[in-house]
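A.B. asks: Mind having a look at this structure? Questions to follow.
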Protein chains: 2
Amino acid sequence: MSQNNLQELTKLIRADIVTSTTKAGSGHPTTSLSAVELMTVLWFGGYFHYDFDDPKYIFNDRMIFSKGHASPLLYSLYNAAGKITSDELMTLRKFTSRLEGHPTTNIPWVDVATGSLGQGLSVGIGMALGIKYQMKAQKKAPKREPYVWVLMGDSEFAEGQIYEALQVASQYKLNNLVGILDINRLGQRGATMLGWDLDTYQARLEAFGWNTVIVEAGNNLEAVTESFKHIHNNIAPTMILAKTKKGAGISSVEDKDGWHGKPLTEEMAEEALKEIGEVDAKLVGSVEMPEKVTVQDLASDDISLPTTTPTAEMATREGYGEAMKYIAEDKSVVVLDAETSNSTYAEKMKEIAPERFFEMYIAEQNMVSVALGMSKIGLKPFASSFAAFLSRAYDQIRMAQYSDPNVTIVGSHAGVSIGEDGSSQMALEDIAMIRALLHSTVLYPSDPVSTVKLVNELRLREGLSYLRLTRAKTPTLYKPSDMFPIGGSKVLQSSEKDSAVIIAAGITVHEALKAHQELSKSAISVAVIDSYSVKPLDTNTLREYAQKTGHVIVVEDHYPDGGLGEAVRTALDGLNIKISHLCVRKTPRSGTPDELLRFEEIDAQAIVEAAKKLKP
Amino acid sequence: MSQNNLQELTKLIRADIVTSTTKAGSGHPTTSLSAVELMTVLWFGGYFHYDFDDPKYIFNDRMIFSKGHASPLLYSLYNAAGKITSDELMTLRKFTSRLEGHPTTNIPWVDVATGSLGQGLSVGIGMALGIKYQMKAQKKAPKREPYVWVLMGDSEFAEGQIYEALQVASQYKLNNLVGILDINRLGQRGATMLGWDLDTYQARLEAFGWNTVIVEAGNNLEAVTESFKHIHNNIAPTMILAKTKKGAGISSVEDKDGWHGKPLTEEMAEEALKEIGEVDAKLVGSVEMPEKVTVQDLASDDISLPTTTPTAEMATREGYGEAMKYIAEDKSVVVLDAETSNSTYAEKMKEIAPERFFEMYIAEQNMVSVALGMSKIGLKPFASSFAAFLSRAYDQIRMAQYSDPNVTIVGSHAGVSIGEDGSSQMALEDIAMIRALLHSTVLYPSDPVSTVKLVNELRLREGLSYLRLTRAKTPTLYKPSDMFPIGGSKVLQSSEKDSAVIIAAGITVHEALKAHQELSKSAISVAVIDSYSVKPLDTNTLREYAQKTGHVIVVEDHYPDGGLGEAVRTALDGLNIKISHLCVRKTPRSGTPDELLRFEEIDAQAIVEAAKKLKP
């Protein structure tokens with residue numbers, strides 16, 4: 001479009017931002033106003049290539065509003081592009097509207113929910129990597145490699161995740177990734193650390209291997225237009241560093257402190273509209289269409305699964321490595337790991353399909369958001385690290401739940417059974433952490449056969465899932481023909497004389513089986529259930545055995561609150577059954593796995609003692 | 001000590017690292033070996049000032065092994081300093097030993113447990129800030145301002161938290177903070193991103209406002225000795241960037257990939273000891289003593305608390321601001337906030353005692369670790385942000401639990417009741433997240449009076465605590481004379497005819513009270529309990545009322561798993577009572593608080609319906 005039309009569009013967008021937020025009575029107009037010129041040039045200046053009628057098209061450019069509170073700007077762009085009506089724009093923040101306070105996937109053109117700051121650039125990396133992979137994997141690719149555009153605020157540049165993203169983006173030479181940093185100098189409660197010190201921003205970006213483009217006048221349309229001519233770089237991602245003013249264009253709030261997250265009063269809004277001047281409400285900005293090519297779904301539902309049982313003893317984390325051999329057949333599967341792939345066995349994917357293994361270094365936050373971004377480009381990411389360190393990325397996992405994700409998080413080295421490395425390396429809150437998310441899946445296999453099967457189940461499952469793995473080698477319990485549906489369980493021992501049911505998962509399944517054997521010497525019969533699906537839980541089976549036996553012993557390698565024990569309690573709601581809950585109740589320490597299982601009283605001996613106490 | 005003695009000490013330390021890890025059969029000798037010269041010069045070259053007999057002395061220098069897996073080096077330093085015996089050193093990683101796989105506070109000279117990488121520098125900031133504050137607050141301060149020394153690995157420089165720390169340390173001009181970066185080029189599974197590219201490290205550090213000292217030969221004692229002469233800077237923290245070799249000094253493993261976290265075999269160890277040469281096991285390195293001054297405890301147990309009730313309506317987050325007026329009397333109280341202080345009302349402390357308010361910007365990970373560090377210098381930190389964003393710092397909170405913390409985390413804007421901002425800003429997993437930690441405290445007040453009282457209780461409580469606060473204004477329920485012990489609850493409504501007890505906390509207490517009134521119109525009587533102490537829970541009272549009424553309705557503004565509902569279930573273990581659990585079961589969105597409470601069926605109407613269903 002002509003510069004003149006672009007200028008007119010900025011007026012329309014500015015007016016819409018002011019009007020919609022004042023109407024809503026809340027929201028972030030000043031945050032939105034600072035980036036009007038940047039977004040107008042990007043969207044309507046021919047840079048952003050996007051098919052609004054086919055938002056899932058993998059060769060669309062992608063646009064992420066990492067500064068999600070600038071949603072009034074995003075929605076005003078939709079209106080300026082003729083994709084929503086002015087009437088809909090005025091429903092901003094209403095209960096019945098899809099135009100929420102922060103962008104969500106209720107809007108078809110929003111790939112990921114934003115609003116927790118500092119995550120968008122990492123999501124963009126996932127998309128940029130995904131696009132580069134798809135450009136090679138698809139039979140036909142468009143001539144122009146699609147770009148991923150990420151709008152960021154300067155306040156969010158304080159988040160460490162930004163720097164995790166910066167380093168990984170340049171490491172992977174993501175020249176199809178462009179960050180647009182709206183440096184408006186003002187945060188929620190005052191000035192940012194760097195203010196308008198563009199030199200320092202530039203020095204930081206360059207030290208992280210980025211190409212930089214400086215715009216000293218970020219609210220001047222010509223200056224912004226000029227800057228976009230310099231975004232391409234052959235080997236590096238680019239960051240546009242734009243000096244802008246918060247509330248730009250509206251003198252009553254421009255560059256003024258105290259106006260974060262506040263709409264203008266009606267009087268101020270009226271004054272602001274006068275200042276903007278006459279607006280052509282009929283003006284529609286045009287967004288470039290991407291070249292459309294036929295895209296094949298890389299996923300394959302059917303893959304061959306193992307037909308023979310692995311060795312008699314194998315850790316479930318090794319089972320995860322085994323699973324790579326099979327799920328690698330599905331070309332949509334990608335594997336990420338945070339510098340622990342020789343421990344998590346994710347490295348097996350690197351051996352089988354190096355182009356689908358992504359080293360994410362010790363930066364778990366970025367890894368999780370990258371995985372989310374990849375899942376938006378037709379891929380099925382599995383992202384692994386030590387389970388303890390996934391707590392580092394809890395906010396990223398939390399946000400993923402609002403983004404229609406297709407992501408599996410894999411945590412190895414769970415529980416005290418890791419032994420000598422000690423408490424810092426032991427995940428003992430991870431089940432609680434992931435269970436707490438609304439629509440999550442939590443699986444915890446006890447042997448390599450069930451691990452391989454469950455990894456495949458997760459491959460086929462949409463959503464946000466967690467696989468908990470054990471460091472120690474354990475006996476193989478199952479046959480290749482056994483099935484492990486999500487939401488199921490395995491009754492490993494059961495008889496008519498059972499006086500209790502032991503519900504276990506992962507490492508404690510083996511302790512439960514040992515206890516079963518030991519108890520049988522005292523003529524005490526107990527049922528043993530492998531509750532490998534912690535969420536959803538196999539409620540029917542657990543209730544049936546609880547009622548049949550009259551006593552429940554839950555044993556888990558996890559702290560007391562929020563784990564398998566509480567999940568079982570909820571599942572048994574209304575049954576008049578006392579539950580013995582064996583779990584980690586003392587601060588753990590270094591020692592051998594056996595010493596620690598003993599110390600925490602979650603070993604066979606503890607189960608035996610608990611069962612004996614129950615005997616009538 | 002003389003250079004010659006230092007050289008001899010490096011031999012002793014090297015031999016100890018090799019021997020102790022080979023004996024243990026696990027551990028990280030190569031990680032330890034690369035930093036031998038750096039630590040020998042620091043400890044025994046006169047730089048580290050520390051009284052081993054008085055480790056809590058606030059004017060000690062502090063030493064943090066952020067690369068906690070280098071624990072064999074730390075323990076060998078203890079041995080070289082004559083603080084532990086060689087025999088004890090050989091108990092490394094044993095169940096009965098305090099010398100764990102990663103350093104823990106079981107050792108009196110370890111202030112904080114490390115092992116989750118990238119956290120040590122932030123803890124160091126907390127200590128450095130704490131020392132600077134104490135230097136002014138104490139009547140007498142030592143002439144030399146104590147230093148905080150943080151040993152880091154290059155792999156952990158991928159963690160975003162490092163950059164959060166870098167920016168805040170220079171922002172606060174922490175010239176008493178020295179980072180020592182052991183650039184040995186090799187991570188767990190291979191090369192780091194930057195390898196030995198010291199120039200890029202330097203450029204990054206300088207872009208973050210740090211003074212840098214380069215040591216090209218980080219395993220050469222003379223070069224390291226020279227570098228320590230340049231650590232002081234008047235206005236900036238200093239980072240020593242040392243090029244080292246992993247496994248330095250032992251040719252079989254030096255700079256070789258595949259030797260992370262592996263002890264040498266006995267044969268290799270024997271060979272290594274030969275290579276090190278004769279060692280003087282009697283040699284004892286001397287560590288400088290700090291100047292000892294009399295230190296006063298800044299804490300005051302008794303402070304004046306409010307005697308009048310605040311306005312009829314006030315949000316609990318405002319109550320937190322109110323509390324500042326009182327707890328500020330205790331000069332050991334410090335307040336940190338992540339760029340949200342005008343929303344969390346933490347800004348009240350800035351008004352009252354600006355020297356005890358610390359702006360931490362939008363970098364929650366660093367904030368939590370800084371708070372932990374401050375708690376080690378005789379201070380009582382309260383660290384606040386939106387509760388949703390504290391999930392960003394879950395690993396840091398997790399690690400704090402292993403460090404004898406005295407830290408209160410404060411999360412405002414919890415639950416769907418925040419309204420229009422939408423799901424990204426709603427903490428709905430936070431109770432589960434903090435409950436899951438082993439020795440945590442979780443409080444959730446419903447009015448400003450109880451908020452002030454509970455903040456004071458937390459001021460007096462050691463440990464790791466969480467205070468959950470609400471955005472919306474709510475009626476004031478309590479009188480200044482009411483007491484709110486941790487572990488207690490308040491029975492707000494109760495009669496002999498109660499057919500159920502409603503257990504609520506925070507915002508839902510008000511819904512429960514409305515429901516009580518509404519139900520009374522239908523001649524249905526219910527008890528209402530404000531369970532403000534979510535952990536520890538007032539089990540006795542809850543069990544009493546559950547038994548008395550026969551029906552329990554739990555209502556909470558939180559997702560189903562791991563919150564108040566499951567806590568109550570556990571507390572009612574063995575009672576034959578069905579629990580109605582009203583909580584957030586649908587993905588929330590933007591809307592008014594009332595619309596959202598209705599949508600999620602956690603409002604008065606939902607409670608009324610649940611109670612009516614129960615009626616016999």
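Labels used: A, B, ... for chains in the order of the structure tokens, numbers from 1 for residues in each chain, and numbers from 1 for ligands as shown.
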Hey, what's within 12 Å of segment 93-96 of chain B if we count only C-alpha atoms and toss same-chain stuff fewer than 2 positions away? As a PyMOL selection string, please?

C.D. replies: (chain A and resi 419-423+588-599) or (chain B and resi 20-28+69+71-72+75+88-91+98-104+106)

A.B. asks: Compute the chain B side of the contact with chain A at 6 Å, counting only C-alpha atoms, and hand it back as a ChimeraX atom specification.

C.D. replies: /B:93-95,100-101,115,158-161,163-164,203-204,207,362-363,391-392,394-395,420-422,424,429,433,436,561-562,574,576,578,590-591

A.B. asks: Please save N, CA and C atoms of the selected residues as an mmCIF file, in the first residue's frame.

C.D. replies:
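Writing done, so here's selection.cif:
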data_model
loop_
_atom_site.group_PDB
_atom_site.id
_atom_site.type_symbol
_atom_site.label_atom_id
_atom_site.label_comp_id
_atom_site.auth_asym_id
_atom_site.auth_seq_id
_atom_site.Cartn_x
_atom_site.Cartn_y
_atom_site.Cartn_z
ATOM 1 N N ARG B 93 29.314 -38.665 49.238
ATOM 2 C CA ARG B 93 28.129 -39.257 48.616
ATOM 3 C C ARG B 93 27.549 -40.465 49.364
ATOM 4 N N LYS B 94 28.103 -40.748 50.543
ATOM 5 C CA LYS B 94 27.543 -41.850 51.330
ATOM 6 C C LYS B 94 26.306 -41.363 52.091
ATOM 7 N N PHE B 95 25.400 -42.296 52.353
ATOM 8 C CA PHE B 95 24.142 -41.968 53.007
ATOM 9 C C PHE B 95 24.349 -41.289 54.366
ATOM 10 N N GLU B 100 27.394 -34.418 50.507
ATOM 11 C CA GLU B 100 26.465 -34.977 49.525
ATOM 12 C C GLU B 100 26.916 -34.731 48.083
ATOM 13 N N GLY B 101 26.211 -35.335 47.169
ATOM 14 C CA GLY B 101 26.531 -35.209 45.749
ATOM 15 C C GLY B 101 26.577 -33.762 45.285
ATOM 16 N N GLY B 115 22.868 -27.001 42.756
ATOM 17 C CA GLY B 115 22.741 -28.229 41.975
ATOM 18 C C GLY B 115 21.761 -28.035 40.829
ATOM 19 N N ALA B 158 23.975 -20.765 29.931
ATOM 20 C CA ALA B 158 22.842 -20.825 29.005
ATOM 21 C C ALA B 158 21.519 -20.532 29.710
ATOM 22 N N GLU B 159 21.501 -20.619 31.028
ATOM 23 C CA GLU B 159 20.272 -20.380 31.787
ATOM 24 C C GLU B 159 19.918 -18.895 31.765
ATOM 25 N N GLY B 160 18.690 -18.599 31.439
ATOM 26 C CA GLY B 160 18.244 -17.212 31.401
ATOM 27 C C GLY B 160 18.414 -16.478 32.719
ATOM 28 N N GLN B 161 18.303 -17.214 33.797
ATOM 29 C CA GLN B 161 18.414 -16.554 35.093
ATOM 30 C C GLN B 161 19.748 -15.833 35.245
ATOM 31 N N TYR B 163 21.237 -14.052 33.101
ATOM 32 C CA TYR B 163 21.160 -12.703 32.522
ATOM 33 C C TYR B 163 20.245 -11.805 33.344
ATOM 34 N N GLU B 164 19.245 -12.409 33.971
ATOM 35 C CA GLU B 164 18.444 -11.649 34.927
ATOM 36 C C GLU B 164 19.349 -11.118 36.032
ATOM 37 N N ALA B 203 32.137 -9.552 25.702
ATOM 38 C CA ALA B 203 31.208 -8.590 25.094
ATOM 39 C C ALA B 203 29.840 -8.660 25.777
ATOM 40 N N ARG B 204 29.387 -9.869 26.078
ATOM 41 C CA ARG B 204 28.095 -9.997 26.761
ATOM 42 C C ARG B 204 28.138 -9.362 28.145
ATOM 43 N N ALA B 207 28.218 -5.659 27.953
ATOM 44 C CA ALA B 207 26.907 -5.115 27.550
ATOM 45 C C ALA B 207 25.925 -5.140 28.716
ATOM 46 N N ILE B 362 11.002 -7.324 35.764
ATOM 47 C CA ILE B 362 10.227 -8.523 35.392
ATOM 48 C C ILE B 362 11.186 -9.692 35.217
ATOM 49 N N ALA B 363 11.637 -10.225 36.323
ATOM 50 C CA ALA B 363 12.644 -11.292 36.318
ATOM 51 C C ALA B 363 12.450 -12.075 37.612
ATOM 52 N N SER B 391 5.017 -18.835 39.039
ATOM 53 C CA SER B 391 5.295 -20.147 38.459
ATOM 54 C C SER B 391 6.602 -20.103 37.664
ATOM 55 N N ARG B 392 6.971 -18.909 37.223
ATOM 56 C CA ARG B 392 8.236 -18.704 36.512
ATOM 57 C C ARG B 392 9.431 -19.100 37.377
ATOM 58 N N TYR B 394 9.505 -21.441 39.830
ATOM 59 C CA TYR B 394 9.226 -22.635 40.637
ATOM 60 C C TYR B 394 10.498 -23.397 40.984
ATOM 61 N N ASP B 395 11.421 -23.480 40.078
ATOM 62 C CA ASP B 395 12.656 -24.203 40.389
ATOM 63 C C ASP B 395 13.438 -23.486 41.495
ATOM 64 N N GLU B 420 -11.107 -9.382 33.740
ATOM 65 C CA GLU B 420 -10.933 -9.079 32.329
ATOM 66 C C GLU B 420 -9.568 -9.416 31.737
ATOM 67 N N ASP B 421 -8.535 -9.450 32.530
ATOM 68 C CA ASP B 421 -7.204 -9.697 31.963
ATOM 69 C C ASP B 421 -7.062 -11.101 31.369
ATOM 70 N N GLY B 422 -7.887 -12.015 31.822
ATOM 71 C CA GLY B 422 -7.928 -13.330 31.189
ATOM 72 C C GLY B 422 -6.978 -14.355 31.765
ATOM 73 N N SER B 424 -4.175 -15.925 31.102
ATOM 74 C CA SER B 424 -2.712 -15.870 31.260
ATOM 75 C C SER B 424 -2.312 -15.223 32.581
ATOM 76 N N GLU B 429 -2.911 -22.650 39.674
ATOM 77 C CA GLU B 429 -2.126 -23.830 40.029
ATOM 78 C C GLU B 429 -1.201 -23.522 41.204
ATOM 79 N N MET B 433 1.250 -25.863 43.516
ATOM 80 C CA MET B 433 2.693 -25.695 43.303
ATOM 81 C C MET B 433 3.449 -25.526 44.622
ATOM 82 N N ALA B 436 3.025 -28.573 47.236
ATOM 83 C CA ALA B 436 3.813 -29.759 46.902
ATOM 84 C C ALA B 436 5.192 -29.750 47.550
ATOM 85 N N ASP B 561 -6.884 -29.981 40.930
ATOM 86 C CA ASP B 561 -5.887 -30.889 41.495
ATOM 87 C C ASP B 561 -4.827 -30.158 42.335
ATOM 88 N N GLY B 562 -4.645 -30.636 43.547
ATOM 89 C CA GLY B 562 -3.560 -30.140 44.384
ATOM 90 C C GLY B 562 -3.891 -28.931 45.228
ATOM 91 N N GLY B 574 -10.431 -41.167 56.250
ATOM 92 C CA GLY B 574 -11.043 -42.163 57.137
ATOM 93 C C GLY B 574 -12.452 -41.810 57.578
ATOM 94 N N ASN B 576 -16.251 -41.118 56.781
ATOM 95 C CA ASN B 576 -17.121 -41.582 55.694
ATOM 96 C C ASN B 576 -17.984 -40.432 55.191
ATOM 97 N N LYS B 578 -18.772 -37.758 51.915
ATOM 98 C CA LYS B 578 -18.607 -37.370 50.519
ATOM 99 C C LYS B 578 -18.339 -35.871 50.476
ATOM 100 N N SER B 590 -11.671 -13.957 29.638
ATOM 101 C CA SER B 590 -11.959 -12.602 30.096
ATOM 102 C C SER B 590 -13.428 -12.460 30.451
ATOM 103 N N GLY B 591 -13.704 -11.555 31.361
ATOM 104 C CA GLY B 591 -15.067 -11.293 31.782
ATOM 105 C C GLY B 591 -15.019 -10.531 33.092
#

A.B. asks: Find the distance between atom CA of Asp255 of chain B and atom CA of Met268 of chain B and write it in Å to one decimal.

C.D. replies: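 Interatomic distance here is 15.6 Å.
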
A.B. asks: Determine which residues of segment 118-270 of chain B receive a DSSP assignment of strand (DSSP E or B), computed from the backbone, and state them as a list in words.

C.D. replies: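 Across segment 118-270 of chain B, those assigned strand (DSSP E or B) are Val148, Trp149, Val150, Leu151, Met152, Gly153, Leu177, Val178, Gly179, Ile180, Leu181, Asp182, Ile183, Leu186, Ala191, Asn211, Thr212, Val213, Ile214, Val215, Thr238, Met239, Ile240, Leu241, Ala242 and Lys243 of chain B.
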
A.B. asks: List the neighbours of segment 32-44 of chain B out to 9 Å using only C-alpha atoms; skip same-chain residues closer than 4 positions along the sequence, and give me the result as a ChimeraX atom specification.

C.D. replies: /B:1,6-7,9-10,13-14,17-18,28,48-49,69-74,77,81,149,151,180,182-184,218-221,224-225,228,242,244-250,254,285-288

A.B. asks: Mind writing the picked residues with N, CA and C atoms as a compact mmCIF listing (two decimals), in the first residue's frame?

C.D. replies:
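Printed below is result37.txt as written:
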# COMPACT_ATOMS: atom_id res chain seq x y z
N MET B 1 49.53 -16.94 51.60
CA MET B 1 50.50 -18.04 51.49
C MET B 1 51.38 -17.80 50.27
N LEU B 6 50.86 -22.44 47.54
CA LEU B 6 49.62 -22.52 46.76
C LEU B 6 49.72 -23.65 45.73
N GLN B 7 50.89 -23.71 45.10
CA GLN B 7 51.11 -24.76 44.10
C GLN B 7 50.98 -26.14 44.75
N LEU B 9 49.28 -26.82 47.35
CA LEU B 9 47.87 -27.02 47.70
C LEU B 9 47.06 -27.50 46.49
N THR B 10 47.37 -26.95 45.32
CA THR B 10 46.63 -27.42 44.14
C THR B 10 46.85 -28.91 43.93
N ILE B 13 44.71 -30.75 46.52
CA ILE B 13 43.28 -30.65 46.17
C ILE B 13 42.95 -31.55 44.98
N ARG B 14 43.83 -31.51 43.99
CA ARG B 14 43.63 -32.37 42.81
C ARG B 14 43.58 -33.84 43.21
N ILE B 17 40.34 -34.66 44.97
CA ILE B 17 39.19 -34.74 44.05
C ILE B 17 39.15 -36.11 43.38
N VAL B 18 40.30 -36.52 42.88
CA VAL B 18 40.37 -37.80 42.18
C VAL B 18 40.05 -38.95 43.13
N HIS B 28 31.66 -35.86 40.11
CA HIS B 28 32.11 -35.01 39.00
C HIS B 28 33.55 -34.54 39.18
N PHE B 48 39.59 -14.56 50.03
CA PHE B 48 38.37 -15.01 50.71
C PHE B 48 38.56 -14.83 52.21
N HIS B 49 37.68 -14.00 52.82
CA HIS B 49 37.78 -13.73 54.26
C HIS B 49 36.61 -14.42 54.95
N HIS B 69 27.79 -29.29 41.15
CA HIS B 69 28.36 -30.62 40.91
C HIS B 69 29.87 -30.62 41.08
N ALA B 70 30.47 -29.43 41.25
CA ALA B 70 31.90 -29.37 41.60
C ALA B 70 32.11 -29.55 43.09
N SER B 71 31.16 -30.20 43.75
CA SER B 71 31.26 -30.40 45.20
C SER B 71 32.55 -31.10 45.63
N PRO B 72 33.10 -32.04 44.84
CA PRO B 72 34.36 -32.65 45.29
C PRO B 72 35.48 -31.61 45.47
N LEU B 73 35.45 -30.57 44.64
CA LEU B 73 36.41 -29.48 44.81
C LEU B 73 36.14 -28.73 46.10
N LEU B 74 34.88 -28.43 46.36
CA LEU B 74 34.54 -27.69 47.59
C LEU B 74 34.98 -28.47 48.82
N LEU B 77 38.61 -28.43 49.25
CA LEU B 77 39.05 -27.15 49.82
C LEU B 77 38.88 -27.17 51.34
N ALA B 81 41.86 -26.73 53.92
CA ALA B 81 41.81 -25.68 54.94
C ALA B 81 41.83 -26.27 56.36
N TRP B 149 31.49 -14.28 46.54
CA TRP B 149 32.18 -14.96 45.44
C TRP B 149 31.30 -16.08 44.91
N LEU B 151 31.19 -19.14 42.14
CA LEU B 151 31.83 -19.97 41.11
C LEU B 151 30.77 -20.54 40.18
N ILE B 180 33.02 -15.92 39.17
CA ILE B 180 34.20 -16.60 38.63
C ILE B 180 33.68 -17.64 37.65
N ASP B 182 34.16 -20.46 35.14
CA ASP B 182 35.09 -21.55 34.81
C ASP B 182 34.72 -22.05 33.41
N ILE B 183 35.41 -21.50 32.42
CA ILE B 183 35.05 -21.79 31.02
C ILE B 183 35.85 -23.00 30.54
N ASN B 184 35.32 -24.17 30.86
CA ASN B 184 36.07 -25.38 30.50
C ASN B 184 35.56 -26.01 29.19
N GLY B 218 43.59 -20.38 32.72
CA GLY B 218 42.87 -20.53 33.99
C GLY B 218 43.34 -21.69 34.84
N ASN B 219 44.21 -22.51 34.31
CA ASN B 219 44.79 -23.58 35.13
C ASN B 219 46.26 -23.33 35.43
N ASN B 220 46.66 -22.07 35.21
CA ASN B 220 48.02 -21.68 35.55
C ASN B 220 47.94 -20.78 36.79
N LEU B 221 48.63 -21.21 37.83
CA LEU B 221 48.49 -20.54 39.12
C LEU B 221 48.93 -19.08 39.06
N VAL B 224 46.30 -16.97 37.25
CA VAL B 224 45.11 -16.77 38.09
C VAL B 224 45.41 -15.78 39.20
N THR B 225 46.59 -15.93 39.81
CA THR B 225 46.99 -15.00 40.87
C THR B 225 46.98 -13.57 40.37
N PHE B 228 43.38 -11.99 39.97
CA PHE B 228 42.66 -11.55 41.17
C PHE B 228 43.03 -10.13 41.60
N ALA B 242 37.60 -17.19 32.96
CA ALA B 242 38.81 -18.01 32.96
C ALA B 242 38.69 -19.17 31.97
N THR B 244 39.66 -22.55 31.01
CA THR B 244 40.21 -23.69 31.75
C THR B 244 40.00 -24.96 30.93
N LYS B 245 40.52 -26.04 31.48
CA LYS B 245 40.28 -27.33 30.85
C LYS B 245 39.53 -28.24 31.82
N LYS B 246 38.49 -28.86 31.33
CA LYS B 246 37.77 -29.84 32.13
C LYS B 246 38.74 -30.99 32.40
N GLY B 247 38.79 -31.43 33.65
CA GLY B 247 39.72 -32.49 33.98
C GLY B 247 41.17 -32.04 34.03
N ALA B 248 41.40 -30.73 34.17
CA ALA B 248 42.75 -30.17 34.08
C ALA B 248 43.74 -30.87 35.01
N GLY B 249 44.89 -31.18 34.45
CA GLY B 249 45.98 -31.75 35.25
C GLY B 249 46.02 -33.26 35.23
N ILE B 250 44.99 -33.88 34.67
CA ILE B 250 44.96 -35.35 34.60
C ILE B 250 44.82 -35.72 33.12
N GLU B 254 41.72 -34.90 30.65
CA GLU B 254 41.79 -33.46 30.42
C GLU B 254 41.25 -33.07 29.05
N GLY B 285 46.09 -25.03 54.23
CA GLY B 285 45.99 -23.68 53.68
C GLY B 285 45.27 -22.77 54.66
N SER B 286 45.73 -21.51 54.74
CA SER B 286 45.05 -20.62 55.68
C SER B 286 44.15 -19.64 54.93
N VAL B 287 42.97 -19.49 55.49
CA VAL B 287 41.97 -18.59 54.93
C VAL B 287 41.95 -17.34 55.81
N GLU B 288 41.90 -16.16 55.19
CA GLU B 288 41.90 -14.90 55.94
C GLU B 288 40.69 -14.82 56.85

A.B. asks: Could you tell me which of A:Phe358, A:Tyr147, A:Tyr57, A:Phe382 comes closest to Asp111 of chain A if we count only C-alpha atoms?

C.D. replies: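 Of A:Phe358, A:Tyr147, A:Tyr57, A:Phe382, the one nearest Asp111 of chain A is A:Tyr57, counting only C-alpha atoms.
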
A.B. asks: Would you work out the distance separating atom CA of Phe357 of chain B from atom CA of Val178 of chain B, expressed in Å to one decimal?

C.D. replies: 23.2 Å

A.B. asks: May I have the residues within 7 Å of Gly126 of chain B as number ranges by chain, using only C-alpha atoms and disregarding those fewer than 6 positions away in the same chain?

C.D. replies: B: 370-374

A.B. asks: Could you save the residues just selected, with all heavy atoms, as a compact mmCIF listing (two decimals), in the first residue's frame?

C.D. replies:
# COMPACT_ATOMS: atom_id res chain seq x y z
N VAL B 370 17.38 -14.05 44.88
CA VAL B 370 17.90 -12.89 45.62
C VAL B 370 17.31 -12.88 47.02
O VAL B 370 18.02 -12.67 48.01
CB VAL B 370 17.57 -11.57 44.88
CG1 VAL B 370 17.85 -10.36 45.77
CG2 VAL B 370 18.39 -11.45 43.59
N ALA B 371 16.01 -13.12 47.11
CA ALA B 371 15.36 -13.15 48.43
C ALA B 371 16.01 -14.21 49.32
O ALA B 371 16.30 -13.95 50.49
CB ALA B 371 13.87 -13.42 48.27
N LEU B 372 16.27 -15.37 48.73
CA LEU B 372 16.93 -16.43 49.50
C LEU B 372 18.30 -15.96 50.00
O LEU B 372 18.65 -16.16 51.17
CB LEU B 372 17.08 -17.69 48.62
CG LEU B 372 17.84 -18.85 49.26
CD1 LEU B 372 17.11 -19.37 50.49
CD2 LEU B 372 18.06 -19.97 48.26
N GLY B 373 19.05 -15.32 49.12
CA GLY B 373 20.37 -14.80 49.51
C GLY B 373 20.28 -13.79 50.64
O GLY B 373 21.05 -13.82 51.60
N MET B 374 19.31 -12.90 50.55
CA MET B 374 19.13 -11.89 51.61
C MET B 374 18.83 -12.53 52.95
O MET B 374 19.27 -12.06 53.99
CB MET B 374 17.97 -10.96 51.23
CG MET B 374 18.32 -9.97 50.14
SD MET B 374 16.82 -9.03 49.69
CE MET B 374 17.57 -7.55 48.99

A.B. asks: Running DSSP on the backbone, which parts of segment 44-212 of chain B land in alpha helix (DSSP H), as a PyMOL selection string?

C.D. replies: chain B and resi 44+71-80+86-89+120-137+160-171+198-207

A.B. asks: My list of candidates is B:Lys453, B:Lys331, B:Lys274, B:Arg543. Which is closest to Gln138 of chain B when distances are computed with only C-alpha atoms?

C.D. replies: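 With only C-alpha atoms as the atom set, the closest residue is B:Lys331.
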
A.B. asks: One number please: atom CA of Ile377 of chain B to atom CA of Met127 of chain B, in Å, one decimal.

C.D. replies: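 Calculated distance between atom CA of Ile377 of chain B and atom CA of Met127 of chain B is 6.2 Å.
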